[in-house]
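A.B. asks: Just one file: protein.txt, with compact mmCIF, C-alpha atoms.
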```
# COMPACT_ATOMS: atom_id res chain seq x y z
CA MET S 1 33.56 23.97 15.92
CA GLU S 2 33.80 23.36 19.66
CA ASN S 3 30.97 24.80 21.73
CA GLN S 4 32.94 25.95 24.76
CA LEU S 5 35.19 29.01 24.84
CA THR S 6 37.15 27.98 27.95
CA ASP S 7 38.92 24.89 29.30
CA ARG S 8 39.69 23.29 32.67
CA ASP S 9 43.20 24.78 32.87
CA LEU S 10 41.78 28.28 32.51
CA TRP S 11 39.39 27.77 35.43
CA LYS S 12 42.09 26.16 37.58
CA SER S 13 44.22 29.28 37.08
CA TYR S 14 41.20 31.53 37.72
CA TRP S 15 40.37 29.98 41.09
CA GLU S 16 44.01 29.94 42.17
CA ASN S 17 43.98 33.75 41.85
CA TYR S 18 40.46 34.32 43.17
CA HIS S 19 39.95 36.28 46.38
CA PHE S 20 37.12 34.65 48.31
CA THR S 21 34.52 36.92 49.85
CA PRO S 22 31.72 36.11 52.32
CA ILE S 23 28.33 35.10 50.99
CA GLU S 24 26.42 38.21 50.00
CA GLU S 25 23.27 39.02 51.95
CA ASN S 26 21.77 41.00 49.07
CA PRO S 27 22.95 39.34 45.82
CA VAL S 28 21.90 40.63 42.43
CA TYR S 29 19.48 37.72 41.93
CA LYS S 30 17.70 37.98 45.29
CA LYS S 31 14.54 39.72 44.03
CA TYR S 32 14.11 37.23 41.19
CA ILE S 33 13.88 34.12 43.38
CA ARG S 34 10.37 32.69 43.39
CA PRO S 35 8.97 31.37 46.70
CA ALA S 36 10.12 27.80 47.40
CA SER S 37 9.67 25.30 50.20
CA PRO S 38 12.61 24.40 52.47
CA GLN S 39 12.49 20.93 50.88
CA ALA S 40 13.04 22.32 47.37
CA ARG S 41 16.04 20.96 45.48
CA PHE S 42 18.55 23.46 44.09
CA ILE S 43 21.39 22.97 41.60
CA GLU S 44 23.83 25.54 40.27
CA ILE S 45 25.51 24.86 36.96
CA GLY S 46 29.14 25.98 37.01
CA GLY S 47 28.71 26.57 40.73
CA PHE S 48 32.18 26.12 42.21
CA PRO S 49 33.22 27.26 44.85
CA GLY S 50 29.68 27.28 46.30
CA LEU S 51 28.94 30.86 47.37
CA ASN S 52 25.59 30.94 45.58
CA ALA S 53 24.65 27.46 46.78
CA GLY S 54 25.50 28.70 50.28
CA TYR S 55 23.17 31.68 49.87
CA PHE S 56 20.29 29.44 48.76
CA TYR S 57 20.95 27.10 51.69
CA ARG S 58 20.79 29.96 54.18
CA HIS S 59 17.79 31.76 52.71
CA VAL S 60 15.75 29.52 50.39
CA CYS S 61 16.07 25.73 50.68
CA ARG S 62 18.19 23.08 52.36
CA ASP S 63 19.02 20.68 49.50
CA VAL S 64 21.77 22.44 47.53
CA THR S 65 24.13 21.05 44.91
CA LEU S 66 26.70 22.55 42.56
CA LEU S 67 27.87 21.00 39.30
CA ASP S 68 31.16 22.04 37.74
CA PHE S 69 33.92 20.45 35.70
CA TYR S 70 36.47 21.87 38.14
CA VAL S 71 35.82 21.14 41.83
CA GLU S 72 38.16 21.26 44.83
CA PRO S 73 36.18 19.82 47.78
CA GLU S 74 38.47 21.41 50.38
CA VAL S 75 37.64 24.85 48.95
CA ILE S 76 33.91 24.14 49.32
CA ARG S 77 34.54 23.10 52.94
CA LYS S 78 36.34 26.43 53.42
CA VAL S 79 33.35 28.33 52.02
CA GLU S 80 31.10 26.45 54.44
CA SER S 81 33.26 27.07 57.50
CA GLN S 82 33.79 30.76 56.73
CA ASN S 83 30.03 31.26 56.38
CA GLN S 84 28.86 29.20 59.36
CA ILE S 85 27.34 26.47 57.18
CA PRO S 86 27.58 22.87 58.44
CA ALA S 87 30.35 20.88 56.76
CA HIS S 88 29.32 18.83 53.72
CA THR S 89 26.04 20.72 53.36
CA ILE S 90 26.91 21.93 49.85
CA LYS S 91 26.94 18.84 47.67
CA SER S 92 29.12 18.84 44.58
CA ILE S 93 29.24 16.99 41.28
CA GLU S 94 32.43 17.20 39.22
CA ALA S 95 31.34 16.59 35.65
CA ASP S 96 31.14 18.06 32.18
CA PHE S 97 27.69 19.65 32.02
CA PHE S 98 27.33 18.62 28.36
CA SER S 99 27.73 14.94 29.14
CA PHE S 100 26.00 15.03 32.53
CA GLN S 101 23.00 12.70 32.87
CA SER S 102 20.65 12.67 35.85
CA ARG S 103 17.25 11.22 36.67
CA LYS S 104 16.89 13.77 39.43
CA ARG S 105 14.95 16.93 38.66
CA TYR S 106 15.40 20.18 40.55
CA ASP S 107 12.97 22.84 41.76
CA ILE S 108 15.55 25.59 41.10
CA VAL S 109 18.11 25.38 38.31
CA PHE S 110 20.51 28.30 38.58
CA SER S 111 23.64 29.64 36.92
CA LEU S 112 25.57 32.88 37.08
CA GLY S 113 28.26 33.72 34.56
CA PHE S 114 28.04 30.38 32.75
CA ILE S 115 26.03 30.35 29.53
CA GLU S 116 28.05 33.15 27.90
CA HIS S 117 31.13 30.90 27.72
CA PHE S 118 29.54 28.76 25.00
CA ARG S 119 28.77 29.41 21.35
CA ASP S 120 25.42 27.59 21.20
CA THR S 121 23.28 29.58 23.63
CA ARG S 122 20.07 27.72 22.87
CA ASP S 123 21.66 24.34 23.60
CA VAL S 124 23.09 25.39 26.96
CA ILE S 125 19.78 26.94 28.10
CA ALA S 126 17.90 23.84 26.94
CA ARG S 127 20.19 21.67 29.07
CA HIS S 128 19.43 23.86 32.09
CA ALA S 129 15.70 23.55 31.43
CA ALA S 130 15.92 19.76 31.06
CA LEU S 131 16.92 19.51 34.74
CA LEU S 132 13.80 21.35 35.92
CA ALA S 133 11.05 19.66 37.89
CA GLU S 134 7.48 20.53 36.92
CA GLY S 135 6.70 23.97 38.32
CA GLY S 136 10.40 24.62 38.95
CA GLN S 137 12.24 27.87 38.32
CA LEU S 138 15.03 28.48 35.84
CA LEU S 139 17.17 31.41 37.00
CA ILE S 140 20.15 32.44 34.86
CA LEU S 141 22.34 35.51 35.16
CA LEU S 142 25.04 36.54 32.74
CA PRO S 143 27.22 39.62 32.40
CA ASN S 144 26.25 42.35 29.97
CA LEU S 145 29.40 43.01 27.94
CA ARG S 146 27.62 44.86 25.14
CA GLY S 147 27.88 48.18 26.99
CA ILE S 148 30.39 50.01 29.16
CA ASN S 149 31.57 46.84 30.89
CA GLY S 150 32.55 45.36 27.54
CA ALA S 151 34.52 48.52 26.75
CA VAL S 152 36.37 48.14 30.07
CA GLN S 153 37.22 44.52 29.24
CA TYR S 154 38.39 45.54 25.76
CA LEU S 155 40.73 48.17 27.18
CA PHE S 156 42.16 46.21 30.10
CA ASP S 157 41.54 42.47 29.59
CA ARG S 158 40.88 41.45 25.99
CA GLU S 159 41.84 37.87 26.85
CA ASN S 160 38.84 37.71 29.18
CA LEU S 161 36.55 39.35 26.63
CA ARG S 162 37.46 36.70 24.04
CA ILE S 163 36.08 33.88 26.18
CA HIS S 164 32.60 35.45 26.24
CA ASN S 165 29.97 35.02 23.54
CA LEU S 166 28.51 38.51 23.07
CA ASP S 167 25.66 37.10 20.96
CA SER S 168 24.36 35.37 24.11
CA MET S 169 23.68 38.79 25.67
CA VAL S 170 20.75 39.92 23.50
CA PRO S 171 17.50 40.03 25.54
CA SER S 172 15.15 39.42 22.59
CA ARG S 173 17.13 36.33 21.59
CA LEU S 174 17.11 34.95 25.12
CA ARG S 175 13.34 35.43 25.39
CA HIS S 176 12.81 33.71 22.04
CA ILE S 177 14.86 30.71 23.18
CA CYS S 178 12.80 30.38 26.36
CA GLU S 179 9.58 30.59 24.37
CA GLU S 180 10.81 27.90 21.95
CA LEU S 181 11.58 25.64 24.92
CA GLY S 182 8.00 25.99 26.16
CA LEU S 183 8.90 27.77 29.38
CA GLU S 184 6.38 29.98 31.17
CA ASN S 185 6.41 33.21 33.21
CA ILE S 186 9.40 34.36 31.19
CA ARG S 187 11.26 37.44 32.37
CA VAL S 188 14.38 38.68 30.58
CA GLU S 189 15.82 42.04 31.53
CA TYR S 190 18.85 44.14 32.39
CA THR S 191 19.31 44.45 36.10
CA ARG S 192 20.95 46.31 38.95
CA LYS S 193 22.70 49.64 39.26
CA PRO S 194 25.69 50.28 36.97
CA MET S 195 28.91 48.49 37.87
CA VAL S 196 32.12 47.56 36.08
CA TRP S 197 34.82 45.12 37.12
CA LEU S 198 37.97 43.28 36.13
CA GLU S 199 38.69 39.67 36.97
CA PRO S 200 41.42 39.19 39.62
CA LYS S 201 44.81 38.52 38.04
CA ALA S 202 48.35 38.71 39.38
CA GLY S 203 50.68 41.61 38.57
CA LYS S 204 51.11 45.27 39.47
CA LYS S 205 49.59 46.54 36.21
CA GLN S 206 46.48 44.44 36.74
CA HIS S 207 46.21 45.64 40.32
CA ALA S 208 46.43 49.28 39.22
CA ALA S 209 43.86 48.70 36.48
CA ARG S 210 41.45 47.12 38.96
CA LEU S 211 41.76 50.12 41.29
CA LEU S 212 41.00 52.46 38.39
CA VAL S 213 38.00 50.41 37.29
CA LYS S 214 36.75 50.20 40.87
CA ALA S 215 36.78 54.00 41.08
CA LEU S 216 34.87 54.19 37.79
CA SER S 217 32.32 51.73 39.14
CA TYR S 218 31.67 53.93 42.18
CA GLY S 219 31.10 56.92 39.91
CA LEU S 220 28.66 55.03 37.70
CA LYS S 221 26.43 54.25 40.68
CA LEU S 222 25.24 57.87 40.44
CA PHE S 223 23.32 56.83 37.31
CA PRO S 224 20.98 54.02 38.46
CA ILE S 225 19.51 53.25 35.04
CA LYS S 226 18.83 49.73 33.76
CA CYS S 227 19.88 49.64 30.12
CA ARG S 228 22.25 47.98 27.68
CA LEU S 229 24.89 50.67 28.07
CA LEU S 230 25.12 50.71 31.87
CA SER S 231 23.65 47.55 33.39
CA PRO S 232 26.20 44.94 34.46
CA TYR S 233 23.93 41.87 34.19
CA LEU S 234 21.13 40.23 32.27
CA VAL S 235 18.69 38.00 34.12
CA ILE S 236 16.51 35.21 32.78
CA SER S 237 13.73 33.89 35.00
CA ALA S 238 11.20 31.32 33.79
CA THR S 239 9.24 28.33 35.03
CA LYS S 240 8.49 24.87 33.70
CA GLY S 241 4.78 24.38 33.32
CA ILE S 242 2.80 21.66 35.05
CA PRO S 243 0.98 19.48 32.50
CA GLN S 244 -2.78 19.77 32.74
CA PRO S 245 -4.79 16.55 32.90
CA ALA S 246 -6.66 15.74 29.72
CA THR S 247 -10.33 16.68 29.86
CA LYS S 248 -12.90 14.04 29.12
CA SER S 249 -15.01 14.76 26.08
```
Please lay out the structure from this file as structure tokens.
C.D. replies:
Amino acid sequence: MENQLTDRDLWKSYWENYHFTPIEENPVYKKYIRPASPQARFIEIGGFPGLNAGYFYRHVCRDVTLLDFYVEPEVIRKVESQNQIPAHTIKSIEADFFSFQSRKRYDIVFSLGFIEHFRDTRDVIARHAALLAEGGQLLILLPNLRGINGAVQYLFDRENLRIHNLDSMVPSRLRHICEELGLENIRVEYTRKPMVWLEPKAGKKQHAARLLVKALSYGLKLFPIKCRLLSPYLVISATKGIPQPATKS
């Protein structure tokens, strides 16, 4: 059985219909970022078109890279220019993450909306962790589709729901995987105020559905409770330990 639930053609179509927005100043992951030096090295897995890498460049560190198996360099240049980031600041690697090999290790390994597109959750998290430098931070966010957001996808976009592995969205399982991998300072939790969304797709019916779901999302913000039913995201934060020198007996 193949591990991935998507293919390159799907993502090409997705980005052709995507409406680019400016880099957020207060993204969902902001409060989970551990302190890092400006010289820290950052990589985002599945990071095209570079909005998150742009945020880390502006607020955290200056060495930022994205890795994705679909990359359009001119789109990354557009993200840079629209957000007052020097051209060619956001480095990119076009490669299949599951065949990617690198001697370089990174102080921050990040992904948002990536691991849930694969059946083997442990394997994909382990590959993230393998890129970590000693003392580095693993920061992963994924949508929570086991609550109201999943119901919205089921009603309006079952095709999108089918490309997500709902078993990857169980906090106790995610924590257990991190523990098995020997990671430290593990934090796995639901996050942020309630929010629902639909992916941008062409067509009048889709446009009307998105307006309806947007109105629902505004209403849900009146119930700022972090839980499986309402929270839109799960966050995983952990660090790679620094080996202690052997003590002399």
A.B. asks: Determine, counting all atoms listed in the file, which protein, DNA and RNA residues have an atom within 10 Å of an atom of stretch 43-54 of chain S; residues of the same chain fewer than 6 positions away are not included. Present the result as a PyMOL selection string.
C.D. replies: chain S and resi 15+20-24+27+29+60-80+83-85+89-97+105-115+128+131-132+139-140
A.B. asks: Which of these residues is nearest to S:Lys240, using all atoms listed in the file: S:Ala208, S:Ile177, S:Ala215, S:Gly136?
C.D. replies: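 Comparing S:Ala208, S:Ile177, S:Ala215, S:Gly136 against S:Lys240, the winner is S:Gly136.
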A.B. asks: With 3 Å added on each side, what axis-aligned box encloses every listed atom of stretch 84-97 of chain S? Give the centre and edge lengths in Å to one decimal, as AutoDock Vina command-line options.
C.D. replies:
```
--center_x 29.2 --center_y 22.9 --center_z 45.7 --size_x 12.4 --size_y 18.6 --size_z 33.3
```
A.B. asks: Can you tell me how far atom CA of S:Gly150 sits from atom CA of S:Tyr55, in Å to one decimal?
C.D. replies: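 Distance reported for this atom pair: 27.8 Å.
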A.B. asks: Please compute the atom CA of S:Met195-atom CA of S:Pro232 distance, one decimal, in Å.
C.D. replies: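 Interatomic distance, atom CA of S:Met195 to atom CA of S:Pro232: 5.6 Å.
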A.B. asks: Please report the interatomic distance between atom CA of S:Leu229 and atom CA of S:Asn144 in Å with one decimal.
C.D. replies: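 Going from atom CA of S:Leu229 over to atom CA of S:Asn144, I get 8.6 Å.
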A.B. asks: With distances taken over all atoms listed in the file, which of S:His207, S:Arg187, S:Lys193, S:Lys221 is nearest to S:Tyr233?
C.D. replies: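 Using all atoms listed in the file, the shortest distance to S:Tyr233 belongs to S:Lys193.
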A.B. asks: Nearest to S:Leu10: which of S:Thr191, S:Thr239, S:Ser168, S:Asn160 is it, counting all atoms listed in the file?
C.D. replies: S:Asn160
A.B. asks: Measuring atom to atom with all atoms listed in the file, identify which of S:Ile33, S:Leu142, S:Ile125, S:Pro86 is nearest to S:Phe98.
C.D. replies: S:Ile125
A.B. asks: From the list S:Val170, S:Ala87, S:Ile236, S:Ala36, which residue is nearest S:Arg146 when using all atoms listed in the file?
C.D. replies: S:Val170
